[in-house]
file structure_2.cif (mmCIF, C-alpha atoms)
data_target
loop_
_atom_site.label_atom_id
_atom_site.label_comp_id
_atom_site.auth_asym_id
_atom_site.auth_seq_id
_atom_site.Cartn_x
_atom_site.Cartn_y
_atom_site.Cartn_z
CA MET R 596 -51.05 -45.78 16.41
CA ARG R 597 -50.84 -46.71 20.08
CA LEU R 598 -49.80 -50.20 21.16
CA ASP R 599 -49.18 -51.98 24.40
CA ILE R 600 -46.19 -54.31 24.77
CA ALA R 601 -48.16 -57.42 23.85
CA GLY R 602 -49.51 -55.66 20.78
CA ALA R 603 -45.98 -54.71 19.77
CA TRP R 604 -44.83 -58.34 20.07
CA SER R 605 -47.63 -59.34 17.72
CA LEU R 606 -46.85 -56.53 15.30
CA ILE R 607 -43.21 -57.51 14.94
CA GLY R 608 -44.09 -61.17 14.57
CA TRP R 609 -43.29 -62.49 18.04
CA PRO R 610 -46.66 -63.09 19.73
CA GLY R 611 -46.05 -63.74 23.39
CA GLY R 612 -42.28 -64.15 23.00
CA PHE R 613 -39.48 -64.83 20.55
CA VAL R 614 -39.19 -68.28 19.04
CA SER R 615 -36.36 -68.94 16.62
CA ASP R 616 -33.74 -71.64 17.07
CA GLY R 617 -34.54 -72.26 20.72
CA SER R 618 -32.41 -69.45 22.12
CA TRP R 619 -35.50 -67.32 22.65
CA SER R 620 -37.67 -69.82 24.47
CA GLY R 621 -37.75 -69.80 28.24
CA ASP R 622 -38.16 -67.07 30.85
CA ASP R 623 -34.56 -66.11 31.67
CA PHE R 624 -33.82 -62.42 32.23
CA GLY R 625 -31.72 -62.00 29.07
CA ALA R 626 -34.44 -63.29 26.74
CA ARG R 627 -37.10 -61.25 28.52
CA LEU R 628 -34.95 -58.10 28.39
CA ARG R 629 -34.36 -58.41 24.66
CA ARG R 630 -38.03 -59.15 24.01
CA GLU R 631 -39.32 -56.23 26.07
CA ALA R 632 -36.69 -53.80 24.76
CA MET R 633 -37.56 -54.50 21.13
CA ALA R 634 -41.30 -54.33 21.79
CA TRP R 635 -40.79 -50.99 23.61
CA LEU R 636 -38.75 -49.63 20.69
CA THR R 637 -41.50 -50.64 18.27
CA ILE R 638 -43.96 -48.49 20.21
CA ARG R 639 -41.61 -45.54 20.77
CA THR R 640 -40.50 -45.34 17.13
CA ASN R 641 -43.99 -45.61 15.62
CA ASP R 642 -43.21 -49.07 14.25
CA GLY R 643 -39.80 -47.96 13.01
CA LEU R 644 -40.95 -44.79 11.22
CA ASP R 645 -39.26 -42.42 13.65
CA PRO R 646 -35.78 -42.34 15.21
CA ILE R 647 -35.21 -41.99 18.94
CA SER R 648 -32.88 -39.72 20.88
CA ARG R 649 -30.19 -40.86 23.27
CA GLN R 650 -32.06 -39.07 26.06
CA ASP R 651 -35.38 -40.77 25.28
CA LEU R 652 -33.70 -44.19 25.38
CA LEU R 653 -33.30 -43.62 29.12
CA ASP R 654 -37.09 -44.01 29.47
CA PHE R 655 -36.86 -47.77 29.02
CA THR R 656 -37.47 -49.73 32.21
CA ILE R 657 -37.66 -53.38 33.14
CA ASP R 658 -38.96 -54.62 36.47
CA GLY R 659 -39.59 -51.00 37.40
CA LYS R 660 -35.97 -49.89 36.95
CA MET R 661 -34.29 -47.85 34.22
CA PHE R 662 -32.07 -50.01 32.02
CA ARG R 663 -29.63 -48.66 29.43
CA LEU R 664 -30.14 -50.14 25.98
CA MET R 665 -27.12 -48.31 24.59
CA ASP R 666 -23.70 -47.67 26.06
CA PRO R 667 -23.13 -43.93 26.66
CA THR R 668 -19.44 -44.02 25.68
CA ARG R 669 -18.81 -47.18 23.63
CA GLY R 670 -20.25 -48.72 20.49
CA ILE R 671 -21.03 -52.10 22.05
CA ARG R 672 -23.37 -52.51 25.03
CA LYS R 673 -22.69 -55.63 27.07
CA PRO R 674 -24.59 -55.32 30.37
CA LYS R 675 -23.12 -57.07 33.39
CA GLU R 676 -26.45 -58.88 33.83
CA LEU R 677 -26.09 -60.63 30.45
CA SER R 678 -23.61 -63.18 29.14
CA SER R 679 -23.41 -61.45 25.75
CA ALA R 680 -23.86 -58.09 24.06
CA LEU R 681 -27.29 -56.46 23.88
CA SER R 682 -26.72 -53.76 21.27
CA ILE R 683 -24.27 -52.13 18.88
CA SER R 684 -24.22 -48.56 17.64
CA THR R 685 -22.85 -46.61 14.71
CA THR R 686 -21.87 -42.96 15.13
CA TYR R 687 -23.69 -40.34 13.07
CA ARG R 688 -21.65 -38.99 10.19
CA ALA R 689 -22.40 -35.54 8.77
CA PRO R 690 -22.05 -35.37 4.97
CA GLY R 691 -18.39 -35.15 4.01
CA THR R 692 -17.02 -36.52 7.29
CA ARG R 693 -15.86 -39.96 8.39
CA ARG R 694 -16.86 -42.08 11.36
CA PRO R 695 -14.28 -43.45 13.82
CA TYR R 696 -15.16 -46.91 12.45
CA GLU R 697 -16.59 -47.50 9.00
CA ASP R 698 -19.25 -50.23 8.91
CA GLN R 699 -19.68 -51.53 5.38
CA VAL R 700 -21.57 -54.07 3.28
CA GLY R 701 -19.52 -57.05 2.07
CA SER R 702 -19.62 -58.67 -1.36
CA ASP R 703 -22.12 -61.20 0.04
CA GLY R 704 -24.58 -58.41 0.83
CA LEU R 705 -24.17 -58.77 4.60
CA LEU R 706 -23.09 -55.97 6.92
CA ARG R 707 -19.75 -55.67 8.68
CA TYR R 708 -19.31 -54.18 12.14
CA LYS R 709 -15.80 -53.26 13.22
CA TRP R 710 -14.21 -54.55 16.40
CA SER R 711 -13.73 -52.21 19.31
CA THR R 712 -9.96 -51.60 18.98
CA THR R 713 -7.88 -54.29 17.25
CA ASP R 714 -7.57 -56.52 20.30
CA PRO R 715 -9.64 -59.71 19.89
CA LYS R 716 -9.74 -60.08 23.68
CA ASN R 717 -11.21 -56.63 24.23
CA MET R 718 -14.23 -57.01 26.54
CA ASP R 719 -16.62 -55.52 23.96
CA ASN R 720 -15.40 -57.88 21.25
CA ARG R 721 -15.83 -60.79 23.63
CA GLY R 722 -19.40 -59.68 24.24
CA LEU R 723 -20.21 -59.72 20.52
CA ARG R 724 -18.44 -63.05 20.07
CA ALA R 725 -20.60 -64.48 22.84
CA ALA R 726 -23.73 -63.13 21.10
CA MET R 727 -22.59 -64.89 17.93
CA ASN R 728 -22.02 -68.18 19.75
CA GLU R 729 -25.35 -67.96 21.60
CA GLY R 730 -27.27 -66.95 18.49
CA VAL R 731 -29.12 -64.16 20.32
CA PRO R 732 -30.62 -61.09 18.62
CA LEU R 733 -29.19 -57.61 19.11
CA ILE R 734 -30.33 -54.05 18.48
CA TRP R 735 -28.33 -51.87 16.10
CA PHE R 736 -28.60 -48.16 16.93
CA TYR R 737 -27.60 -46.34 13.75
CA GLY R 738 -26.82 -42.65 14.09
CA VAL R 739 -28.98 -40.38 11.89
CA GLY R 740 -28.17 -37.10 13.62
CA PRO R 741 -26.38 -35.76 16.70
CA SER R 742 -27.57 -38.01 19.59
CA LEU R 743 -30.36 -39.37 17.35
CA PHE R 744 -30.58 -43.04 16.33
CA GLN R 745 -32.60 -45.33 14.13
CA PRO R 746 -32.95 -48.70 15.90
CA ILE R 747 -32.66 -51.75 13.61
CA TYR R 748 -33.69 -55.06 15.17
CA PRO R 749 -33.34 -57.91 15.48
CA VAL R 750 -29.89 -58.37 13.94
CA PHE R 751 -27.54 -61.29 14.46
CA ILE R 752 -23.78 -61.79 14.52
CA VAL R 753 -23.30 -64.68 12.08
CA ALA R 754 -19.51 -64.76 11.63
CA GLU R 755 -16.23 -63.11 12.57
CA GLU R 756 -13.46 -61.96 10.21
CA PRO R 757 -10.42 -61.57 12.49
CA ASP R 758 -8.04 -60.47 9.72
CA GLU R 759 -10.31 -57.49 9.01
CA HIS R 760 -11.08 -56.91 12.71
CA GLN R 761 -14.83 -57.17 12.17
CA PHE R 762 -18.00 -59.18 12.68
CA VAL R 763 -20.56 -60.15 10.03
CA VAL R 764 -24.08 -58.92 10.81
CA ALA R 765 -27.34 -60.15 9.27
CA THR R 766 -31.04 -59.48 9.65
CA GLU R 767 -33.24 -62.36 10.79
CA VAL R 768 -34.02 -63.36 7.18
CA ALA R 769 -30.51 -63.01 5.80
CA ARG R 770 -28.82 -64.88 8.67
CA ASP R 771 -30.23 -68.22 7.50
CA LEU R 772 -28.77 -67.59 4.04
CA HIS R 773 -25.22 -66.97 5.25
CA ARG R 774 -22.85 -69.54 3.76
CA PRO R 775 -19.32 -68.76 4.96
CA ASP R 776 -17.69 -71.71 3.16
CA SER R 777 -19.18 -71.28 -0.29
CA GLN R 778 -19.55 -68.64 -2.95
CA ALA R 779 -23.02 -67.14 -2.77
CA GLU R 780 -25.03 -67.56 -5.94
CA GLU R 781 -25.65 -64.22 -7.65
CA GLN R 782 -29.41 -64.48 -7.27
CA LEU R 783 -29.05 -65.20 -3.56
CA ARG R 784 -26.57 -62.37 -3.13
CA ARG R 785 -28.98 -59.94 -4.81
CA TYR R 786 -31.72 -61.06 -2.45
CA VAL R 787 -29.52 -60.52 0.60
CA VAL R 788 -28.50 -57.07 -0.66
CA ALA R 789 -32.18 -56.16 -1.18
CA GLU R 790 -33.06 -57.44 2.29
CA THR R 791 -30.22 -55.43 3.83
CA LYS R 792 -31.41 -52.28 2.06
CA ARG R 793 -34.98 -52.85 3.19
CA ARG R 794 -34.19 -53.53 6.83
CA LEU R 795 -31.25 -51.16 7.47
CA HIS R 796 -30.46 -48.72 4.69
CA GLN R 797 -34.02 -47.60 3.97
CA PRO R 798 -34.97 -46.87 7.62
CA VAL R 799 -31.65 -45.07 8.18
CA PHE R 800 -32.08 -43.05 4.97
CA ARG R 801 -35.63 -42.12 5.92
CA ALA R 802 -34.70 -41.09 9.46
CA THR R 803 -31.77 -38.98 8.24
CA VAL R 804 -33.88 -37.20 5.63
CA MET R 805 -36.78 -36.60 8.03
CA ARG R 806 -34.45 -35.07 10.60
CA ALA R 807 -32.84 -32.82 8.00
CA TYR R 808 -36.24 -31.59 6.73
CA GLU R 809 -37.66 -31.37 10.27
CA THR R 810 -40.34 -33.92 9.32
CA ARG R 811 -42.02 -31.68 6.76
CA CYS R 812 -42.72 -32.09 3.06
CA ALA R 813 -40.27 -30.06 0.99
CA VAL R 814 -43.00 -29.12 -1.51
CA CYS R 815 -46.00 -28.30 0.70
CA ALA R 816 -44.64 -28.31 4.31
CA LEU R 817 -47.07 -31.01 5.51
CA GLY R 818 -45.78 -32.13 8.89
CA HIS R 819 -47.31 -35.54 9.68
CA SER R 820 -44.68 -38.29 9.80
CA GLU R 821 -47.13 -41.03 8.80
CA LEU R 822 -47.92 -39.18 5.56
CA LEU R 823 -44.29 -38.48 4.60
CA ASP R 824 -41.72 -40.47 2.62
CA ALA R 825 -38.00 -40.08 2.13
CA ALA R 826 -37.70 -39.85 -1.66
CA HIS R 827 -34.50 -40.42 -3.59
CA ILE R 828 -33.67 -37.60 -6.00
CA VAL R 829 -31.86 -40.15 -8.16
CA PRO R 830 -32.88 -43.80 -7.58
CA ASP R 831 -30.36 -45.87 -5.65
CA SER R 832 -30.23 -48.21 -8.68
CA HIS R 833 -28.68 -45.34 -10.71
CA GLU R 834 -24.88 -45.13 -10.73
CA ALA R 835 -25.13 -41.68 -9.14
CA GLY R 836 -27.81 -42.77 -6.65
CA ILE R 837 -25.86 -42.46 -3.43
CA SER R 838 -27.51 -43.29 -0.09
CA SER R 839 -27.04 -39.83 1.40
CA VAL R 840 -29.26 -37.07 2.73
CA THR R 841 -28.08 -34.92 -0.20
CA ASN R 842 -29.80 -37.42 -2.52
CA GLY R 843 -33.02 -37.21 -0.52
CA LEU R 844 -36.18 -35.15 -0.26
CA ALA R 845 -38.88 -35.34 2.39
CA LEU R 846 -42.11 -35.53 0.40
CA CYS R 847 -45.72 -36.20 1.31
CA LYS R 848 -47.13 -39.26 -0.37
CA ILE R 849 -48.96 -37.36 -3.15
CA HIS R 850 -45.89 -35.30 -4.05
CA HIS R 851 -43.62 -38.34 -3.82
CA ALA R 852 -45.85 -40.25 -6.25
CA ALA R 853 -46.00 -37.25 -8.58
CA TYR R 854 -42.21 -36.89 -8.45
CA ASP R 855 -41.60 -40.56 -9.22
CA VAL R 856 -43.84 -40.55 -12.32
CA ASN R 857 -42.51 -37.20 -13.58
CA ILE R 858 -45.70 -35.23 -13.00
CA LEU R 859 -43.69 -33.02 -10.64
CA GLY R 860 -40.11 -31.92 -11.21
CA ILE R 861 -37.65 -29.86 -9.16
CA THR R 862 -35.04 -27.69 -10.82
CA PRO R 863 -31.44 -27.46 -9.57
CA ASP R 864 -32.48 -24.06 -8.16
CA LEU R 865 -35.15 -25.78 -6.00
CA VAL R 866 -38.14 -24.57 -8.01
CA VAL R 867 -41.15 -26.87 -8.40
CA GLU R 868 -42.51 -27.51 -11.88
CA ILE R 869 -45.66 -29.39 -12.86
CA ARG R 870 -45.88 -31.17 -16.20
CA LYS R 871 -47.52 -28.96 -18.83
CA ASP R 872 -50.41 -31.26 -19.70
CA LEU R 873 -51.42 -31.32 -16.02
CA LEU R 874 -51.39 -27.52 -15.91
CA ASP R 875 -53.94 -27.45 -18.74
CA GLU R 876 -56.17 -30.07 -17.13
CA ILE R 877 -59.30 -29.25 -15.15
CA ASP R 878 -59.95 -31.57 -12.21
CA GLY R 879 -60.67 -31.58 -8.48
CA PRO R 880 -59.09 -29.62 -5.60
CA MET R 881 -56.10 -31.95 -5.19
CA LEU R 882 -54.88 -31.23 -8.71
CA GLU R 883 -55.71 -27.54 -8.43
CA HIS R 884 -54.31 -26.81 -4.99
CA GLY R 885 -52.00 -29.76 -4.30
CA LEU R 886 -50.12 -29.66 -7.59
CA LYS R 887 -50.92 -26.79 -10.00
CA GLU R 888 -50.59 -24.09 -7.33
CA ARG R 889 -47.06 -25.27 -6.55
CA HIS R 890 -45.89 -24.73 -10.15
CA GLY R 891 -43.12 -22.12 -10.29
CA GLN R 892 -42.80 -21.97 -6.50
CA LYS R 893 -39.65 -22.56 -4.48
CA LEU R 894 -39.50 -25.56 -2.19
CA MET R 895 -41.20 -24.63 1.07
CA VAL R 896 -38.78 -26.61 3.25
CA VAL R 897 -35.05 -27.21 2.81
CA PRO R 898 -32.55 -28.40 5.42
CA PRO R 899 -31.11 -25.56 7.52
CA ALA R 900 -27.62 -27.12 7.21
CA ARG R 901 -26.12 -26.34 3.79
CA ASN R 902 -24.22 -29.62 3.63
CA GLU R 903 -27.54 -31.52 3.88
CA ARG R 904 -29.39 -29.68 1.13
CA PRO R 905 -30.19 -31.40 -2.19
CA ASP R 906 -27.20 -31.95 -4.44
CA ARG R 907 -27.53 -29.70 -7.53
CA GLU R 908 -25.97 -32.27 -9.85
CA LEU R 909 -28.39 -34.96 -8.71
CA LEU R 910 -31.30 -32.56 -9.09
CA ALA R 911 -30.09 -31.80 -12.63
CA ILE R 912 -30.13 -35.51 -13.52
CA SER R 913 -33.66 -35.90 -12.15
CA TYR R 914 -34.89 -32.66 -13.75
CA GLU R 915 -33.56 -33.72 -17.15
CA ARG R 916 -35.57 -36.94 -16.86
CA PHE R 917 -38.66 -34.87 -15.96
CA ARG R 918 -38.14 -32.58 -18.97
CA SER R 919 -37.66 -35.52 -21.33
CA VAL R 920 -41.15 -36.85 -20.66
CA GLY R 921 -42.86 -33.47 -20.48
#
call {"tool": "encode", "arguments": {"input": "structure_2.cif", "output": "C-alpha cells"}}
result
Amino acid sequence: MRLDIAGAWSLIGWPGGFVSDGSWSGDDFGARLRREAMAWLTIRTNDGLDPISRQDLLDFTIDGKMFRLMDPTRGIRKPKELSSALSISTTYRAPGTRRPYEDQVGSDGLLRYKWSTTDPKNMDNRGLRAAMNEGVPLIWFYGVGPSLFQPIYPVFIVAEEPDEHQFVVATEVARDLHRPDSQAEEQLRRYVVAETKRRLHQPVFRATVMRAYETRCAVCALGHSELLDAAHIVPDSHEAGISSVTNGLALCKIHHAAYDVNILGITPDLVVEIRKDLLDEIDGPMLEHGLKERHGQKLMVVPPARNERPDRELLAISYERFRSVG
C-alpha cells in the first residue's frame, strides 16, 4: 500500500492535522513537525506492520532538510527547535539480557519510562516534563533488534513518579482514563492493560518475531509481510505465555489459523503435524499442498540465533493441547 502524507494523516485518524485538546491546532513548527513525522512513519512502516532501522530514520526531512527523529546517543530526543521532547526510545534486549533501563507496566496498566539518570533537573528529564505539561504527543521507538525499532505513536506523558525516577506513559485512548488520585476500577484497569497490549506490546512482539524469522513463515517459508502474523506458541493469557520471541512463531495467515484451532501442531523437535482427520480428508489444493504436505516435515524457517528459537517447554505445552483434541 502506497500513501502520500495527506493519506497517512487520514489513515491514522488525523485528516489535515491533529486535533485533540487544542495543543495540536495551529501551524507552529512543533505541531507540524510531529504531524509530518508520524504521517511519514505510517508510510515507511507499512501502517505499523514493519519496523524501521536507525539508518532509515535519517531519511525523514522537513522543509527540505534532514531532521533526526531519534537521538543517536540518548533515550530522549529533545530538539533545540522544540520546547519539549519529541521522542523516547527503549534499547533492544536480546533474550536473557537486561536493558540499561527497564521500562515496565504499572498496576494501573499504564507504561513507565525511566528518567535519564536520577537527576530530576537533567535536560532530558526536563524535556519530558515539558511534554507532559504541554500535553503534546511523542513517538516511542522500541528496540526490536540491533539498530531496529518499532515506532509506537502517539503516546503521551500523563504523570511523573519522582520517587521511582520515572514518567507514566499512555496511548491516546488510555491517557483520558488516567486517574492519579483514585484507585482504578478493575474493569477499567483491564481495559487499559488490553489497550496497552494492542498498541505497544503486540506491534513490538510482531516486529521482534518477524526480524528473528527474517519475515518468513516458519512452516512454509512464505515471505510477504502483509500475509504473515506473529503467533504466540502459548497464548499470553496463559501463565507461561511470556511476551518474548522464544514464545513466538512467524506464520502465514492460513498456518496461524490452523495452529490456533489445533489443526496444525508443532512438536518440541520442530516437526509439523496435521490433525489425523484432516490427513484422511479429500479437498482442494490448499488442504493438499498447504497443510497435508507439511505433515511430518521440519519447520522450514527457524531463527539463526539459538537464543531466539522456540522454547521447547512452551512448544511441549502447545503440542500437548494439539494432541488432546486430535
call {"tool": "atom_distance", "arguments": {"input": "structure_2.cif", "atom1": "atom CA of Leu823 of chain R", "atom2": "atom CA of Gly843 of chain R"}}
result
12.4 Å
call {"tool": "closest_residue", "arguments": {"input": "structure_2.cif", "among": "R:Pro646, R:Pro715, R:Pro863, R:Pro674", "to": "Phe800 of chain R", "atoms": "only C-alpha atoms"}}
result
R:Pro646
call {"tool": "residues_around", "arguments": {"input": "structure_2.cif", "residues": "segment 870-879 of chain R", "least_positions_apart": "4", "cutoff": "9 Å", "atoms": "all atoms listed in the file", "output": "PyMOL selection string"}}
result
chain R and resi 857-860+883-884+886-887+890+917-918+920-921
call {"tool": "residues_around", "arguments": {"input": "structure_2.cif", "residues": "Asp906 of chain R", "least_positions_apart": "3", "cutoff": "7 Å", "atoms": "all atoms listed in the file", "output": "CSV table (one decimal) with C-alpha atoms, keeping the file's coordinate frame"}}
result
chain,number,residue,atom,x,y,z
R,841,THR,CA,-28.1,-34.9,-0.2
R,842,ASN,CA,-29.8,-37.4,-2.5
R,909,LEU,CA,-28.4,-35.0,-8.7
R,910,LEU,CA,-31.3,-32.6,-9.1
call {"tool": "atom_distance", "arguments": {"input": "structure_2.cif", "atom1": "atom CA of Ala626 of chain R", "atom2": "atom CA of Ile752 of chain R"}}
result
16.3 Å
call {"tool": "closest_residue", "arguments": {"input": "structure_2.cif", "among": "R:Leu783, R:Lys848, R:Gly670, R:Val829", "to": "Gly885 of chain R", "atoms": "all atoms listed in the file"}}
result
R:Lys848
call {"tool": "resolve_selection", "arguments": {"input": "structure_2.cif", "expression": "the PyMOL selection byres ((chain R and resi 725-739) around 6)", "output": "ChimeraX atom specification"}}
result
/R:679-687,722-724,740,743-753,803
